[in-house]
Amino acid sequence: MENNKLIILGNGFDLACGLKSKYADFFDKRIDKDLRYCLNKVFKYFKYNFYDKTIDDPIFQFQTIYDIRDNYVKYKGNVSIFAKKNISLSEPDIATIKKSGLTFWEIIFFYFQTNEENSADDLDWREVEGRMLNFLKHNILDKPSLSKMLNTVNSSGDLDEVNWFCLYLAKILSDGKEIPEDFVEYLYQELRLFELAFIDFLNEEVNSNDDYEKKAMDLLLKIVSTNDMNVLLEQKYLSFNYTEPIVNPNINMTNVHGTLKSKNIIFGIDQTKINPSKHIYRFTKTFRQMTETAISKRSEELILPKKEEINEIAFFGHSLSPLDYSYFQTIFDFYDLYNSDINLAFYYKLYGDVTNLDMELDLSKKISEMLKSYSPSIGNKNKANNLMHKLLLEKRLIIEEIS
């Protein structure tokens, strides 16, 4: 068999080809230094109003989306008109926030920040999706939480300062928008606007990088270990990016989460631990792929090549995030990784001051975690425990630099 590969690409591929496609690149453009200063300042001002009392006290009155605060105050009981304290930001600050055009999701992500005063947290996209999952599913102290918000929406439950403030900013940002009746539908519509903003950002980045396609072509040729364009076209590509680096109708590339060209991309959470009956299942990648992308409609060919058509599963630039483990489990099961002869190869390029040792230690840790998570699905406990050992002994686990 010729050396045919299933090549899995992540954002590290686009970064290696010169695109500034990191989380911090996008957010630093959407939320510049002045806007970041404003958002930090207004939150501090908001919190200062409650320095001697709790925000749960119904004397404090401020606007929120869906009039959530008004309903909360009414539920708490009557308040003397003389005791009421109306809280509002200054007109210049309100104007700045309105002008920003931020979505509710950017507000959520901003107030998940740990780096308050300077630039955006330098995260990779898996950590952004992790924050999305934390907001949708978990209750983290002093961080935005959907369940807390819904508890207040549905039952007038108490809410902390950061969640009240997010709802307050949502009211400011919703000025002039048509807001759906359902709060979860509002979140979905805001997510679509967030995705459109990222499409605009990434399109601008691709269009301003004249060497992107050439660099992508050169890098793919090195991953495939060939100088022949025809061999490149014989490979199968599974991309977790939204870009289409090679403009050739014959290249066999599937963009798992949509493409810039289609103007339909998806951000989402992993469905593994989400009950399909829950409202947040709508935000899983699986559900959104099924309902919103072309990947579920490609009936003319298999997305994964047949078992006998490849001898290597090659990764480049993927974070190997636990949020994507469900994809990898499907792939490894499809090719019967334990019993097959297929290699697992992880390629990388050095950047900055990072050394080979740094890269290989980081990759080794992520690979170990991924295979450990996958191994129980083999069905045999003994086999599950020795999967990585078996791959190493059979020289089927490869970590290799591309120079």
# chains A, B, ... in the order shown; residues from 1 in each chain; ligands from 1
>>> residues_around(residues="segment 147-154 of chain A", least_positions_apart="4", cutoff="9 Å", atoms="only C-alpha atoms", output="number ranges by chain")
A: 66, 68-69, 71-72, 135-139, 158-160, 163-164, 167, 183-184
>>> residues_around(residues="segment 364-380 of chain A", least_positions_apart="6", cutoff="10 Å", atoms="only C-alpha atoms", output="JSON, numbers by chain")
{"A": [319, 320, 321, 322, 324, 325, 326, 328, 329, 330, 332, 333, 336, 337, 338, 339, 344, 346, 358, 386, 387, 388, 397, 399]}
>>> write_last_selection(atoms="N, CA and C atoms", output="PDB file, in the first residue's frame")
ATOM      1  N   SER A 319      -4.962  20.590  19.337  1.00  0.00           N
ATOM      2  CA  SER A 319      -4.675  20.665  20.775  1.00  0.00           C
ATOM      3  C   SER A 319      -4.934  19.354  21.502  1.00  0.00           C
ATOM      4  N   LEU A 320      -5.580  18.404  20.836  1.00  0.00           N
ATOM      5  CA  LEU A 320      -5.950  17.123  21.441  1.00  0.00           C
ATOM      6  C   LEU A 320      -6.795  17.338  22.697  1.00  0.00           C
ATOM      7  N   SER A 321      -7.699  18.287  22.586  1.00  0.00           N
ATOM      8  CA  SER A 321      -8.535  18.667  23.712  1.00  0.00           C
ATOM      9  C   SER A 321      -9.497  17.555  24.093  1.00  0.00           C
ATOM     10  N   PRO A 322      -9.741  17.357  25.386  1.00  0.00           N
ATOM     11  CA  PRO A 322     -10.781  16.411  25.815  1.00  0.00           C
ATOM     12  C   PRO A 322     -12.142  16.748  25.217  1.00  0.00           C
ATOM     13  N   ASP A 324     -12.749  17.273  22.284  1.00  0.00           N
ATOM     14  CA  ASP A 324     -12.851  16.623  20.975  1.00  0.00           C
ATOM     15  C   ASP A 324     -12.618  15.113  21.051  1.00  0.00           C
ATOM     16  N   TYR A 325     -12.552  14.557  22.240  1.00  0.00           N
ATOM     17  CA  TYR A 325     -12.288  13.126  22.381  1.00  0.00           C
ATOM     18  C   TYR A 325     -13.355  12.272  21.693  1.00  0.00           C
ATOM     19  N   SER A 326     -14.584  12.759  21.668  1.00  0.00           N
ATOM     20  CA  SER A 326     -15.639  11.952  21.050  1.00  0.00           C
ATOM     21  C   SER A 326     -15.358  11.742  19.564  1.00  0.00           C
ATOM     22  N   PHE A 328     -12.280  11.596  18.234  1.00  0.00           N
ATOM     23  CA  PHE A 328     -11.164  10.668  18.135  1.00  0.00           C
ATOM     24  C   PHE A 328     -11.604   9.247  18.455  1.00  0.00           C
ATOM     25  N   GLN A 329     -12.491   9.091  19.415  1.00  0.00           N
ATOM     26  CA  GLN A 329     -12.987   7.753  19.737  1.00  0.00           C
ATOM     27  C   GLN A 329     -13.679   7.132  18.529  1.00  0.00           C
ATOM     28  N   THR A 330     -14.477   7.960  17.840  1.00  0.00           N
ATOM     29  CA  THR A 330     -15.165   7.470  16.644  1.00  0.00           C
ATOM     30  C   THR A 330     -14.152   7.031  15.587  1.00  0.00           C
ATOM     31  N   PHE A 332     -10.890   6.177  16.025  1.00  0.00           N
ATOM     32  CA  PHE A 332     -10.114   5.015  16.459  1.00  0.00           C
ATOM     33  C   PHE A 332     -10.954   3.741  16.416  1.00  0.00           C
ATOM     34  N   ASP A 333     -12.228   3.861  16.755  1.00  0.00           N
ATOM     35  CA  ASP A 333     -13.113   2.688  16.668  1.00  0.00           C
ATOM     36  C   ASP A 333     -13.304   2.262  15.216  1.00  0.00           C
ATOM     37  N   ASP A 336     -10.395   0.400  14.140  1.00  0.00           N
ATOM     38  CA  ASP A 336     -10.016  -0.693  15.047  1.00  0.00           C
ATOM     39  C   ASP A 336      -8.550  -0.544  15.443  1.00  0.00           C
ATOM     40  N   LEU A 337      -8.251   0.589  16.067  1.00  0.00           N
ATOM     41  CA  LEU A 337      -6.870   0.988  16.334  1.00  0.00           C
ATOM     42  C   LEU A 337      -6.057  -0.103  17.013  1.00  0.00           C
ATOM     43  N   TYR A 338      -6.641  -0.792  17.979  1.00  0.00           N
ATOM     44  CA  TYR A 338      -5.866  -1.784  18.736  1.00  0.00           C
ATOM     45  C   TYR A 338      -5.406  -2.938  17.841  1.00  0.00           C
ATOM     46  N   ASN A 339      -6.279  -3.426  16.976  1.00  0.00           N
ATOM     47  CA  ASN A 339      -5.977  -4.627  16.194  1.00  0.00           C
ATOM     48  C   ASN A 339      -5.436  -4.337  14.799  1.00  0.00           C
ATOM     49  N   LEU A 344      -0.260   5.925  14.371  1.00  0.00           N
ATOM     50  CA  LEU A 344      -0.686   7.231  14.868  1.00  0.00           C
ATOM     51  C   LEU A 344       0.542   8.133  14.838  1.00  0.00           C
ATOM     52  N   PHE A 346       2.107  12.155  15.123  1.00  0.00           N
ATOM     53  CA  PHE A 346       1.872  13.510  15.613  1.00  0.00           C
ATOM     54  C   PHE A 346       3.052  14.376  15.160  1.00  0.00           C
ATOM     55  N   ASP A 358      10.501  20.503  24.706  1.00  0.00           N
ATOM     56  CA  ASP A 358       9.242  21.118  25.158  1.00  0.00           C
ATOM     57  C   ASP A 358       8.056  20.562  24.381  1.00  0.00           C
ATOM     58  N   ASN A 386      -2.979  -1.743  28.069  1.00  0.00           N
ATOM     59  CA  ASN A 386      -1.680  -1.781  27.383  1.00  0.00           C
ATOM     60  C   ASN A 386      -1.723  -1.187  25.978  1.00  0.00           C
ATOM     61  N   LEU A 387      -2.747  -0.389  25.661  1.00  0.00           N
ATOM     62  CA  LEU A 387      -2.868   0.168  24.316  1.00  0.00           C
ATOM     63  C   LEU A 387      -1.641   0.981  23.926  1.00  0.00           C
ATOM     64  N   MET A 388      -1.239   1.918  24.759  1.00  0.00           N
ATOM     65  CA  MET A 388      -0.112   2.775  24.404  1.00  0.00           C
ATOM     66  C   MET A 388       1.182   1.964  24.324  1.00  0.00           C
ATOM     67  N   LEU A 397       3.411   4.453  17.055  1.00  0.00           N
ATOM     68  CA  LEU A 397       3.184   5.759  17.678  1.00  0.00           C
ATOM     69  C   LEU A 397       4.382   6.630  17.383  1.00  0.00           C
ATOM     70  N   ILE A 399       6.090  10.592  17.034  1.00  0.00           N
ATOM     71  CA  ILE A 399       6.123  12.028  17.276  1.00  0.00           C
ATOM     72  C   ILE A 399       7.311  12.571  16.513  1.00  0.00           C
TER      73      ILE A 399
END
>>> closest_atom_pairs(of="segment 159-225 of chain A", to="segment 248-252 of chain A", cutoff="12 Å", atoms="only C-alpha atoms", output="Markdown table")
| residue | atom | partner | partner_atom | distance |
| --- | --- | --- | --- | --- |
| A:Glu213 | CA | A:Asn248 | CA | 10.8 |
| A:Met217 | CA | A:Asn248 | CA | 10.9 |
| A:Leu220 | CA | A:Ile251 | CA | 11.6 |
>>> write_last_selection(atoms="all heavy atoms", output="short mmCIF file (atom, residue, chain, number, x, y, z; two decimals), in the first residue's frame")
data_model
loop_
_atom_site.label_atom_id
_atom_site.label_comp_id
_atom_site.auth_asym_id
_atom_site.auth_seq_id
_atom_site.Cartn_x
_atom_site.Cartn_y
_atom_site.Cartn_z
N GLU A 213 -1.63 30.37 1.29
CA GLU A 213 -1.85 29.14 0.52
C GLU A 213 -0.53 28.44 0.21
O GLU A 213 -0.44 27.21 0.30
CB GLU A 213 -2.61 29.43 -0.78
CG GLU A 213 -2.95 28.15 -1.53
CD GLU A 213 -3.79 28.40 -2.78
OE1 GLU A 213 -4.16 29.56 -3.04
OE2 GLU A 213 -4.07 27.41 -3.48
N MET A 217 0.42 24.77 1.44
CA MET A 217 0.80 23.73 0.49
C MET A 217 2.13 23.09 0.88
O MET A 217 2.26 21.85 0.91
CB MET A 217 0.92 24.33 -0.91
CG MET A 217 1.28 23.33 -1.99
SD MET A 217 -0.15 22.47 -2.60
CE MET A 217 -0.92 23.79 -3.55
N LEU A 220 1.71 20.90 4.04
CA LEU A 220 1.02 19.64 3.76
C LEU A 220 1.92 18.66 3.01
O LEU A 220 1.90 17.46 3.28
CB LEU A 220 -0.26 19.90 2.96
CG LEU A 220 -1.42 20.55 3.73
CD1 LEU A 220 -2.59 20.82 2.78
CD2 LEU A 220 -1.87 19.67 4.88
#
>>> residues_around(residues="Thr64 of chain A", least_positions_apart="6", cutoff="10 Å", atoms="only C-alpha atoms", output="MDAnalysis selection string")
chainID A and resid 70 164:172 174
>>> residues_around(residues="Cys17 of chain A", least_positions_apart="3", cutoff="7 Å", atoms="only C-alpha atoms", output="list in words")
Phe13, Asp14, Tyr212, Lys215 and Ala216 of chain A
>>> residues_around(residues="segment 47-63 of chain A", least_positions_apart="3", cutoff="7 Å", atoms="only C-alpha atoms", output="list in words")
Phe43, Lys44, Asp67, Arg69, Val73, Lys76, Val79, Ala83, Lys84, Lys85, Asn86, Ile87, Ser88, Asp158, Glu161, Tyr168 and Lys171 of chain A
>>> write_last_selection(atoms="N, CA, C and O atoms", output="compact mmCIF listing (two decimals), in the first residue's frame")
# COMPACT_ATOMS: atom_id res chain seq x y z
N PHE A 43 -17.49 47.63 35.67
CA PHE A 43 -17.81 46.54 36.60
C PHE A 43 -17.40 46.92 38.02
O PHE A 43 -18.11 46.64 38.99
N LYS A 44 -16.23 47.57 38.14
CA LYS A 44 -15.80 48.02 39.47
C LYS A 44 -16.79 49.04 40.03
O LYS A 44 -17.11 49.03 41.22
N ASP A 67 -36.17 42.41 31.54
CA ASP A 67 -36.68 42.99 32.80
C ASP A 67 -36.53 42.03 33.97
O ASP A 67 -37.36 41.98 34.89
N ARG A 69 -34.39 42.00 36.44
CA ARG A 69 -34.23 42.64 37.74
C ARG A 69 -35.55 43.20 38.26
O ARG A 69 -35.86 43.09 39.45
N VAL A 73 -37.18 42.20 41.81
CA VAL A 73 -37.51 43.17 42.86
C VAL A 73 -38.97 43.05 43.29
O VAL A 73 -39.29 43.08 44.48
N LYS A 76 -39.39 40.13 45.51
CA LYS A 76 -38.83 40.33 46.84
C LYS A 76 -39.76 41.13 47.76
O LYS A 76 -39.64 41.08 48.97
N VAL A 79 -40.91 48.09 47.93
CA VAL A 79 -39.82 48.93 48.42
C VAL A 79 -40.29 50.37 48.43
O VAL A 79 -40.87 50.85 47.45
N ALA A 83 -36.57 54.71 49.43
CA ALA A 83 -35.44 53.82 49.68
C ALA A 83 -34.78 53.33 48.40
O ALA A 83 -33.67 52.82 48.41
N LYS A 84 -35.48 53.47 47.28
CA LYS A 84 -34.96 52.95 46.02
C LYS A 84 -33.65 53.62 45.63
O LYS A 84 -33.47 54.82 45.81
N LYS A 85 -32.75 52.81 45.10
CA LYS A 85 -31.48 53.34 44.60
C LYS A 85 -31.30 52.85 43.17
O LYS A 85 -31.02 51.68 42.93
N ASN A 86 -31.50 53.74 42.22
CA ASN A 86 -31.35 53.39 40.81
C ASN A 86 -29.88 53.45 40.41
O ASN A 86 -29.19 54.44 40.69
N ILE A 87 -29.43 52.38 39.78
CA ILE A 87 -28.02 52.27 39.38
C ILE A 87 -27.92 52.31 37.87
O ILE A 87 -28.61 51.56 37.17
N SER A 88 -27.06 53.18 37.37
CA SER A 88 -26.87 53.29 35.93
C SER A 88 -25.46 53.76 35.65
O SER A 88 -24.88 54.55 36.41
N ASP A 158 -31.78 34.37 43.92
CA ASP A 158 -30.71 35.36 44.10
C ASP A 158 -29.60 35.12 43.07
O ASP A 158 -29.40 34.01 42.59
N GLU A 161 -23.03 39.36 41.76
CA GLU A 161 -22.78 40.62 41.06
C GLU A 161 -22.41 40.44 39.59
O GLU A 161 -22.90 41.15 38.72
N TYR A 168 -27.18 43.13 32.88
CA TYR A 168 -27.29 44.58 32.71
C TYR A 168 -26.65 45.01 31.38
O TYR A 168 -27.24 45.75 30.59
N LYS A 171 -28.71 44.18 28.37
CA LYS A 171 -29.76 45.16 28.11
C LYS A 171 -29.22 46.32 27.27
O LYS A 171 -29.85 46.76 26.29
>>> closest_residue(among="A:Ile65, A:Ile223, A:Val354, A:Leu304", to="Met253 of chain A", atoms="only C-alpha atoms")
A:Leu304
>>> select_by_dssp(residues="segment 189-299 of chain A", states="strand (DSSP E or B)", output="PDB file with C-alpha atoms, in the first residue's frame")
ATOM      1  CA  LYS A 236      -7.922  12.614   3.106  1.00  0.00           C
ATOM      2  CA  TYR A 237      -8.056  15.708   5.356  1.00  0.00           C
ATOM      3  CA  LEU A 238     -10.211  16.257   8.408  1.00  0.00           C
ATOM      4  CA  SER A 239      -9.878  19.881   9.473  1.00  0.00           C
ATOM      5  CA  ASN A 252     -10.500  15.812  -0.210  1.00  0.00           C
ATOM      6  CA  MET A 253     -10.917  18.001   2.868  1.00  0.00           C
ATOM      7  CA  THR A 254     -13.816  18.018   5.298  1.00  0.00           C
ATOM      8  CA  ASN A 255     -14.120  20.989   7.655  1.00  0.00           C
ATOM      9  CA  GLY A 258     -18.002  24.532   8.834  1.00  0.00           C
ATOM     10  CA  THR A 259     -16.099  26.931   6.595  1.00  0.00           C
ATOM     11  CA  ASN A 264     -21.709  28.974   8.582  1.00  0.00           C
ATOM     12  CA  ILE A 265     -19.300  27.886  11.302  1.00  0.00           C
ATOM     13  CA  ILE A 269     -19.356  22.008  23.496  1.00  0.00           C
ATOM     14  CA  THR A 284     -23.239  20.781  21.454  1.00  0.00           C
TER      15      THR A 284
END
>>> closest_residue(among="A:Val162, A:Ile94, A:Gln235, A:Gly176", to="Glu309 of chain A", atoms="only C-alpha atoms")
A:Gln235
>>> closest_residue(among="A:Lys5, A:Lys143, A:Lys98, A:Lys390", to="Phe315 of chain A", atoms="only C-alpha atoms")
A:Lys5
>>> select_by_dssp(residues="segment 267-386 of chain A", states="alpha helix (DSSP H)", output="VMD selection string")
chain A and resid 285 to 292 325 to 334 356 to 374 381 to 385
>>> write_last_selection(atoms="C-alpha atoms", output="PDB file, in the first residue's frame")
ATOM      1  CA  LYS A 285     -21.105  20.366  18.366  1.00  0.00           C
ATOM      2  CA  THR A 286     -22.871  17.116  17.504  1.00  0.00           C
ATOM      3  CA  PHE A 287     -26.342  18.649  17.496  1.00  0.00           C
ATOM      4  CA  ARG A 288     -25.197  21.706  15.580  1.00  0.00           C
ATOM      5  CA  GLN A 289     -23.382  19.594  12.988  1.00  0.00           C
ATOM      6  CA  MET A 290     -26.522  17.553  12.503  1.00  0.00           C
ATOM      7  CA  THR A 291     -28.766  20.582  12.058  1.00  0.00           C
ATOM      8  CA  GLU A 292     -26.561  23.336  10.672  1.00  0.00           C
ATOM      9  CA  TYR A 325     -12.288  13.126  22.381  1.00  0.00           C
ATOM     10  CA  SER A 326     -15.639  11.952  21.050  1.00  0.00           C
ATOM     11  CA  TYR A 327     -14.363  12.582  17.497  1.00  0.00           C
ATOM     12  CA  PHE A 328     -11.164  10.668  18.135  1.00  0.00           C
ATOM     13  CA  GLN A 329     -12.987   7.753  19.737  1.00  0.00           C
ATOM     14  CA  THR A 330     -15.165   7.470  16.644  1.00  0.00           C
ATOM     15  CA  ILE A 331     -12.095   7.526  14.389  1.00  0.00           C
ATOM     16  CA  PHE A 332     -10.114   5.015  16.459  1.00  0.00           C
ATOM     17  CA  ASP A 333     -13.113   2.688  16.668  1.00  0.00           C
ATOM     18  CA  PHE A 334     -13.721   2.949  12.937  1.00  0.00           C
ATOM     19  CA  ASN A 356      12.028  19.908  20.653  1.00  0.00           C
ATOM     20  CA  LEU A 357      11.975  18.637  24.213  1.00  0.00           C
ATOM     21  CA  ASP A 358       9.242  21.118  25.158  1.00  0.00           C
ATOM     22  CA  MET A 359       7.091  20.097  22.196  1.00  0.00           C
ATOM     23  CA  GLU A 360       7.569  16.362  22.632  1.00  0.00           C
ATOM     24  CA  LEU A 361       6.925  16.432  26.372  1.00  0.00           C
ATOM     25  CA  ASP A 362       3.737  18.434  25.815  1.00  0.00           C
ATOM     26  CA  LEU A 363       2.569  16.162  23.008  1.00  0.00           C
ATOM     27  CA  SER A 364       3.446  13.009  24.966  1.00  0.00           C
ATOM     28  CA  LYS A 365       1.331  14.174  27.900  1.00  0.00           C
ATOM     29  CA  LYS A 366      -1.654  15.008  25.682  1.00  0.00           C
ATOM     30  CA  ILE A 367      -1.350  11.766  23.707  1.00  0.00           C
ATOM     31  CA  SER A 368      -1.191   9.743  26.931  1.00  0.00           C
ATOM     32  CA  GLU A 369      -4.314  11.462  28.271  1.00  0.00           C
ATOM     33  CA  MET A 370      -6.172  10.973  24.996  1.00  0.00           C
ATOM     34  CA  LEU A 371      -5.317   7.257  24.695  1.00  0.00           C
ATOM     35  CA  LYS A 372      -6.089   6.644  28.372  1.00  0.00           C
ATOM     36  CA  SER A 373      -9.494   8.223  27.874  1.00  0.00           C
ATOM     37  CA  TYR A 374     -10.082   6.165  24.736  1.00  0.00           C
ATOM     38  CA  LYS A 381      -9.638  -4.310  30.347  1.00  0.00           C
ATOM     39  CA  ASN A 382      -6.249  -5.913  29.724  1.00  0.00           C
ATOM     40  CA  LYS A 383      -6.074  -4.574  26.201  1.00  0.00           C
ATOM     41  CA  ALA A 384      -7.227  -1.171  27.378  1.00  0.00           C
ATOM     42  CA  ASN A 385      -4.407  -1.004  29.914  1.00  0.00           C
TER      43      ASN A 385
END
